[in-house]
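What follows is a set of notes on a single structure, which appears directly below.
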Protein chains: 2
Amino acid sequence: MAARNYGQYCGVVRALELVGERWALLVVRDLLVGPRRYSDLKNGLSRIPTNILSDRLKELQAAGLVRRVPVPRCGLVYELTPYGRELEDVVLALGRWGFKAMGEPREGDEVTADSLAMALRTAFDAEASARIPATVFTLHLGDVTLVARAAEGRLDVVGGAEAQAASGESDAVEFAAGPQLRELIAGTLSLDEAQHSGALHVLDGDARLLERFTSLFHLDGAVAA
Amino acid sequence: MAARNYGQYCGVVRALELVGERWALLVVRDLLVGPRRYSDLKNGLSRIPTNILSDRLKELQAAGLVRRVPVPRCGLVYELTPYGRELEDVVLALGRWGFKAMGEPREGDEVTADSLAMALRTAFDAEASARIPATVFTLHLGDVTLVARAAEGRLDVVGGAEAQAASGESDAVEFAAGPQLRELIAGTLSLDEAQHSGALHVLDGDARLLERFTSLFHLDGAVAA
DNA sequence: CCGGATCCGAATCGATACTG
DNA sequence: CAGTATCGATTCGGATCCGG
């Protein structure tokens with residue numbers, strides 16, 4: 001019972017006792033994008049065993065990080081409480097750090113809508129956004145579609161299902177990319193190279209808006225020397 | 001062997017694959033304070049089984065986060081590589097988040113020098129420090145002694161052993177505290193109350209320097225409503 | 001289909017003992 | 001001091017099953 005207790009009176013210890021179990025922070029990662037149903041989570045974390053997902057959700061609820069909310073005619077969703085939402089700093093810090101160790105995708109690695117949404121958040125440069133006109137990016141990566149709206153220092157990302165067509169209010173561009181998107185964000189691949197190699201392909205809108213993309217989303221991709 | 005793989009191409013996932021195992025981030029936490037010998041780590045994490053410590057150190061080395069360095073006549077120390085040191089953001093974010101969930105110490109909970117050193121770092125207000133004269137705080141908590149030097153926006157914390165007496169260059173104060181130190185930092189206990197209740201006891205130096213302590217070290221102690 | 005619960009073998013962890 | 005070795009206790013993963 002005291003098995004998962006580390007026996008120290010320390011904030012880091014307490015945090016790890018609450019969200020340090022396997023899969024826990026990935027459940028939180030997906031819930032940070034928005035409320036999700038059980039099957040959404042199961043789907044976004046394709047390798048999680050259902051009993052583990054069930055256990056984690058119960059533990060996160062018991063810890064007061066997650067709430068189970070019935071939605072009138074849509075079933076049942078899990079959502080973060082305010083305290084759970086405060087884990088955003090932790091998840092973003094982990095994402096930024098892990099970004100540098102990503103390397104090439106290993107065989108079998110997937111990219112999910114929620115993980116990509118959080119990745120865009122980790123790479124988002126709010127200060128740059130404050131200086132750049134509002135822009136809507138619709139991006140396709142494998143079978144994932146995401147719409148990211150950057151405006152006035154704020155970023156909003158929604159998954160493909162809820163993604164309505166960009167209204168005419170903002171500049172908009174739609175493109176498809178491969179895993180090399182990581183190198184574009186890391187700055188080790190230029191926009192030109194990406195387009196010529198076929199790593200990036202504009203489907204709709206003004207291709208020059210992609211320069212805004214690289215200005216808005218960048219993340220150090222290498223370990224400091 | 002793919003057991004600890006989450007199967008996603010995502011920074012958060014990669015981070016958890018590298019440091020998500022039980023005890024791993026606590027080893028990192030202690031190494032963030034400074035290089036440590038095997039027995040230092042074993043001692044600072046009193047409940048870690050020795051084989052797990054051994055495993056974690058090997059894994060962290062294999063991941064390039066930790067280096068094993070022979071020291072001329074002191075034996076052998078483990079230290080973080082530059083990439084390992086970049087985990088500071090993650091550990092601080094976890095510490096800040098977990099601070100709010102600490103509550104009262106549970107029976108058997110310990111406070112170690114390294115965990116307290118990192119806790120002070122999470123609570124340190126660099127901007128406040130830039131406005132406050134350099135000050136040296138020597139603090140005793142249980143059997144832990146720590147010396148914290150705050151000067152010009154920078155904080156330096158060393159454990160009791162290496163803690164030389166404060167030189168006359170800076171203002172200095174020495175005090176003993178109990179676990180209520182947490183409430184002082186959270187702002188739910190005033191300096192006066194702490195001193196009158198005996199939660200805080202000045203041993204040497206000017207007691208008025210404690211006001212600097214509360215200005216330099218504070219952390220939101222409650223969950224947002 | 002959605003939202004799980006149950007069962008079981010495999011992997012990991014924890015406690016203690018032991019060694020160079 | 002710096003770890004291995006061993007072994008029982010937990011936890012995890014994979015599959016299946018069940019009630020709305």
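Here's how to read the names in the structure tokens: chain A, B, ... by the order shown, residue numbers from 1 in each chain, ligand numbers from 1 in the order shown.
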**Request:** Starting from chain A, keep only residues with some atom at most 8 Å from an atom of chain B, counting only C-alpha atoms, and report them as a ChimeraX atom specification.
**Result:** /A:6-16,20-22,26,47,82-83,86-87,89-102,105-106,108-112,115-116,119,223-225
Pick out the residues sitting within 10 Å of Leu216 of chain A, and hand them over as a JSON list (two decimals) with N, CA, C and O atoms, in the first residue's frame; count only C-alpha atoms (C1' of nucleotides), and ignore anything fewer than 5 positions along from it in its own chain.
[["chain", "number", "residue", "atom", "x", "y", "z"],
["A", 120, "LEU", "N", 2.55, 21.29, -30.82],
["A", 120, "LEU", "CA", 2.48, 22.65, -31.35],
["A", 120, "LEU", "C", 2.46, 23.67, -30.21],
["A", 120, "LEU", "O", 3.08, 24.72, -30.30],
["A", 123, "ALA", "N", 5.90, 24.27, -28.93],
["A", 123, "ALA", "CA", 6.77, 24.99, -29.86],
["A", 123, "ALA", "C", 6.29, 26.41, -30.12],
["A", 123, "ALA", "O", 6.98, 27.19, -30.77],
["A", 124, "PHE", "N", 5.13, 26.75, -29.62],
["A", 124, "PHE", "CA", 4.52, 28.04, -29.94],
["A", 124, "PHE", "C", 5.27, 29.19, -29.28],
["A", 124, "PHE", "O", 5.60, 29.14, -28.09],
["A", 125, "ASP", "N", 5.54, 30.20, -30.07],
["A", 125, "ASP", "CA", 6.24, 31.38, -29.58],
["A", 125, "ASP", "C", 5.22, 32.50, -29.44],
["A", 125, "ASP", "O", 4.88, 33.19, -30.41],
["A", 126, "ALA", "N", 4.75, 32.69, -28.21],
["A", 126, "ALA", "CA", 3.68, 33.66, -27.98],
["A", 126, "ALA", "C", 4.13, 35.07, -28.31],
["A", 126, "ALA", "O", 3.35, 35.86, -28.86],
["A", 127, "GLU", "N", 5.37, 35.37, -28.01],
["A", 127, "GLU", "CA", 5.85, 36.74, -28.30],
["A", 127, "GLU", "C", 5.87, 37.00, -29.79],
["A", 127, "GLU", "O", 5.50, 38.08, -30.24],
["A", 128, "ALA", "N", 6.32, 36.02, -30.54],
["A", 128, "ALA", "CA", 6.32, 36.19, -32.00],
["A", 128, "ALA", "C", 4.89, 36.37, -32.49],
["A", 128, "ALA", "O", 4.61, 37.20, -33.36],
["A", 129, "SER", "N", 3.99, 35.60, -31.90],
["A", 129, "SER", "CA", 2.60, 35.67, -32.33],
["A", 129, "SER", "C", 2.00, 37.06, -32.13],
["A", 129, "SER", "O", 1.17, 37.51, -32.91],
["A", 130, "ALA", "N", 2.46, 37.72, -31.08],
["A", 130, "ALA", "CA", 1.93, 39.05, -30.81],
["A", 130, "ALA", "C", 2.28, 40.02, -31.95],
["A", 130, "ALA", "O", 1.59, 41.01, -32.15],
["A", 131, "ARG", "N", 3.34, 39.71, -32.67],
["A", 131, "ARG", "CA", 3.79, 40.62, -33.75],
["A", 131, "ARG", "C", 3.32, 40.17, -35.13],
["A", 131, "ARG", "O", 3.57, 40.84, -36.12],
["A", 132, "ILE", "N", 2.67, 38.99, -35.19],
["A", 132, "ILE", "CA", 2.32, 38.40, -36.48],
["A", 132, "ILE", "C", 0.80, 38.40, -36.64],
["A", 132, "ILE", "O", 0.08, 38.08, -35.70],
["A", 150, "ALA", "N", -3.43, 30.95, -34.66],
["A", 150, "ALA", "CA", -2.52, 31.78, -33.87],
["A", 150, "ALA", "C", -2.93, 33.22, -34.04],
["A", 150, "ALA", "O", -3.01, 33.71, -35.17],
["A", 153, "GLY", "N", -0.80, 36.41, -29.79],
["A", 153, "GLY", "CA", -0.08, 35.76, -28.70],
["A", 153, "GLY", "C", -0.78, 34.54, -28.14],
["A", 153, "GLY", "O", -0.29, 33.92, -27.20],
["A", 155, "LEU", "N", -2.71, 30.71, -28.88],
["A", 155, "LEU", "CA", -2.80, 29.61, -29.82],
["A", 155, "LEU", "C", -3.98, 28.73, -29.46],
["A", 155, "LEU", "O", -4.22, 28.42, -28.30],
["A", 185, "ILE", "N", 10.53, 22.50, -37.38],
["A", 185, "ILE", "CA", 10.36, 23.21, -36.12],
["A", 185, "ILE", "C", 11.68, 23.35, -35.39],
["A", 185, "ILE", "O", 11.94, 24.35, -34.72],
["A", 210, "LEU", "N", 3.50, 30.11, -44.88],
["A", 210, "LEU", "CA", 4.30, 29.12, -44.16],
["A", 210, "LEU", "C", 5.47, 29.76, -43.43],
["A", 210, "LEU", "O", 5.95, 29.23, -42.43],
["A", 211, "GLU", "N", 5.90, 30.90, -43.93],
["A", 211, "GLU", "CA", 6.98, 31.59, -43.21],
["A", 211, "GLU", "C", 6.50, 32.00, -41.82],
["A", 211, "GLU", "O", 7.27, 32.01, -40.87]]
**Request:** Would you give me, as a ChimeraX atom specification, the residues of chain C that come within 9 Å of chain A, using only C-alpha atoms (C1' of nucleotides)?
**Result:** /C:2-5,14
**Prompt:** Quick one: which residues from chain D are at most 9 Å off chain A, using only C-alpha atoms (C1' of nucleotides), as a list in words?
**Reply:** DT10, DC12, DG13 and DG14 of chain D
Store the residues picked out above in a file with C-alpha atoms (C1' of nucleotides), as a short mmCIF file (atom, residue, chain, number, x, y, z; two decimals), in the first residue's frame.
data_model
loop_
_atom_site.label_atom_id
_atom_site.label_comp_id
_atom_site.auth_asym_id
_atom_site.auth_seq_id
_atom_site.Cartn_x
_atom_site.Cartn_y
_atom_site.Cartn_z
"C1'" DT D 10 3.22 -5.79 -7.30
"C1'" DC D 12 1.60 -4.10 -16.26
"C1'" DG D 13 0.09 -5.85 -20.72
"C1'" DG D 14 -2.95 -8.53 -23.70
#
**Item:** Residue list (alpha helix (DSSP H), DSSP) for segment 4-210 of chain A, as number ranges by chain
**Value:** A: 11-19, 24-33, 38-44, 50-62, 82-85, 88-99, 113-123, 126-131, 181-186, 191-196, 210
**Request:** Pull the strand (DSSP E) assignments for chain B out of DSSP run on the backbone, and list those residues as a VMD selection string.
**Result:** chain B and resid 66 to 71 75 to 80 135 to 141 144 to 151 154 to 159 171 to 177 200 to 205
**Request:** Please identify all polymer residues within 7 Å of segment 145-148 of chain A, counting only C-alpha atoms (C1' of nucleotides), omitting same-chain residues fewer than 6 positions from it, and present them as a list in words.
**Result:** Ala113, Val136, Phe137, Thr138, Leu139, Leu155, Asp156, Val157, Val158, Gly159, Gly160 and Ala163 of chain A
Save out the residues we just selected, N, CA, C and O atoms, as a compact mmCIF listing (two decimals), in the first residue's frame.
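What landed in result.txt:
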# COMPACT_ATOMS: atom_id res chain seq x y z
N ALA A 113 -3.56 13.02 -32.95
CA ALA A 113 -4.02 14.41 -33.00
C ALA A 113 -3.66 15.15 -31.71
O ALA A 113 -3.13 16.26 -31.74
N VAL A 136 -4.50 31.09 -39.66
CA VAL A 136 -5.06 29.76 -39.42
C VAL A 136 -4.29 28.74 -40.25
O VAL A 136 -4.21 28.86 -41.47
N PHE A 137 -3.71 27.76 -39.58
CA PHE A 137 -2.99 26.69 -40.27
C PHE A 137 -3.80 25.41 -40.17
O PHE A 137 -4.12 24.96 -39.07
N THR A 138 -4.10 24.83 -41.31
CA THR A 138 -4.72 23.51 -41.30
C THR A 138 -3.64 22.54 -41.73
O THR A 138 -3.09 22.66 -42.82
N LEU A 139 -3.34 21.59 -40.86
CA LEU A 139 -2.23 20.71 -41.25
C LEU A 139 -2.62 19.25 -41.16
O LEU A 139 -3.38 18.81 -40.31
N LEU A 155 -2.71 30.71 -28.88
CA LEU A 155 -2.80 29.61 -29.82
C LEU A 155 -3.98 28.73 -29.46
O LEU A 155 -4.22 28.42 -28.30
N ASP A 156 -4.68 28.32 -30.49
CA ASP A 156 -5.84 27.48 -30.29
C ASP A 156 -5.72 26.32 -31.27
O ASP A 156 -5.56 26.54 -32.47
N VAL A 157 -5.75 25.11 -30.77
CA VAL A 157 -5.62 23.97 -31.67
C VAL A 157 -6.82 23.05 -31.48
O VAL A 157 -7.15 22.68 -30.36
N VAL A 158 -7.46 22.69 -32.57
CA VAL A 158 -8.55 21.72 -32.48
C VAL A 158 -8.33 20.60 -33.48
O VAL A 158 -7.70 20.79 -34.52
N GLY A 159 -8.83 19.44 -33.12
CA GLY A 159 -8.65 18.26 -33.97
C GLY A 159 -9.51 18.31 -35.20
O GLY A 159 -10.39 19.16 -35.34
N GLY A 160 -9.25 17.37 -36.09
CA GLY A 160 -9.87 17.38 -37.41
C GLY A 160 -11.38 17.37 -37.40
O GLY A 160 -12.02 18.06 -38.19
N ALA A 163 -12.85 20.61 -36.68
CA ALA A 163 -12.23 21.67 -37.45
C ALA A 163 -13.13 22.17 -38.57
O ALA A 163 -13.24 21.54 -39.61
**Message:** Just the number, please: distance in Å from atom CA of Asp55 of chain B to atom CA of Gly34 of chain B, one decimal.
**Reply:** 20.1 Å
**Fill in**
Taken to one decimal, the atom CA of Asp40 of chain A-atom CA of Asp143 of chain A distance is 15.5 Å
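Between atom CA of Asp204 of chain B and atom CA of Val33 of chain B the separation is 25.5 Å.
Compared by their closest atoms to Ala186 of chain A, and using only C-alpha atoms, the residues A:Leu57, A:Leu219, A:Val144, A:Val66 rank with A:Leu219 nearest.
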**Item:** For DT6 of chain D: contacts at 12 Å, only C-alpha atoms (C1' of nucleotides), fewer than 6 positions along chain excluded, given as an NGL selection string
**Value:** (:B and (51)) or (:C and (15-18))
Go ahead and dump the residues you just picked, N, CA and C atoms (P, O5', C5', C4', C3', O3' and C1' of nucleotides), as an mmCIF file, in the first residue's frame.
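Writing done, so here's result_25.cif:
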data_model
loop_
_atom_site.group_PDB
_atom_site.id
_atom_site.type_symbol
_atom_site.label_atom_id
_atom_site.label_comp_id
_atom_site.auth_asym_id
_atom_site.auth_seq_id
_atom_site.Cartn_x
_atom_site.Cartn_y
_atom_site.Cartn_z
ATOM 1 N N ASN B 51 19.318 -2.139 -6.049
ATOM 2 C CA ASN B 51 19.360 -2.598 -7.437
ATOM 3 C C ASN B 51 18.648 -1.615 -8.359
ATOM 4 P P DA C 15 10.510 -1.853 0.222
ATOM 5 O "O5'" DA C 15 11.280 -3.187 0.647
ATOM 6 C "C5'" DA C 15 10.543 -4.362 0.955
ATOM 7 C "C4'" DA C 15 11.500 -5.452 1.430
ATOM 8 C "C3'" DA C 15 12.588 -4.949 2.379
ATOM 9 O "O3'" DA C 15 12.601 -5.786 3.525
ATOM 10 C "C1'" DA C 15 13.550 -6.114 0.533
ATOM 11 P P DT C 16 13.647 -5.463 4.719
ATOM 12 O "O5'" DT C 16 14.734 -6.603 4.480
ATOM 13 C "C5'" DT C 16 14.323 -7.876 4.017
ATOM 14 C "C4'" DT C 16 15.529 -8.669 3.535
ATOM 15 C "C3'" DT C 16 16.800 -8.460 4.361
ATOM 16 O "O3'" DT C 16 17.184 -9.716 4.904
ATOM 17 C "C1'" DT C 16 17.253 -8.404 2.032
ATOM 18 P P DA C 17 18.533 -9.891 5.809
ATOM 19 O "O5'" DA C 17 19.511 -10.692 4.837
ATOM 20 C "C5'" DA C 17 19.009 -11.664 3.933
ATOM 21 C "C4'" DA C 17 20.104 -12.065 2.941
ATOM 22 C "C3'" DA C 17 21.509 -12.118 3.564
ATOM 23 O "O3'" DA C 17 22.154 -13.328 3.178
ATOM 24 C "C1'" DA C 17 21.514 -10.710 1.644
ATOM 25 P P DC C 18 23.614 -13.714 3.741
ATOM 26 O "O5'" DC C 18 24.589 -13.382 2.523
ATOM 27 C "C5'" DC C 18 24.259 -13.832 1.210
ATOM 28 C "C4'" DC C 18 25.149 -13.123 0.181
ATOM 29 C "C3'" DC C 18 26.633 -13.079 0.567
ATOM 30 O "O3'" DC C 18 27.397 -13.662 -0.468
ATOM 31 C "C1'" DC C 18 25.868 -10.951 -0.168
#
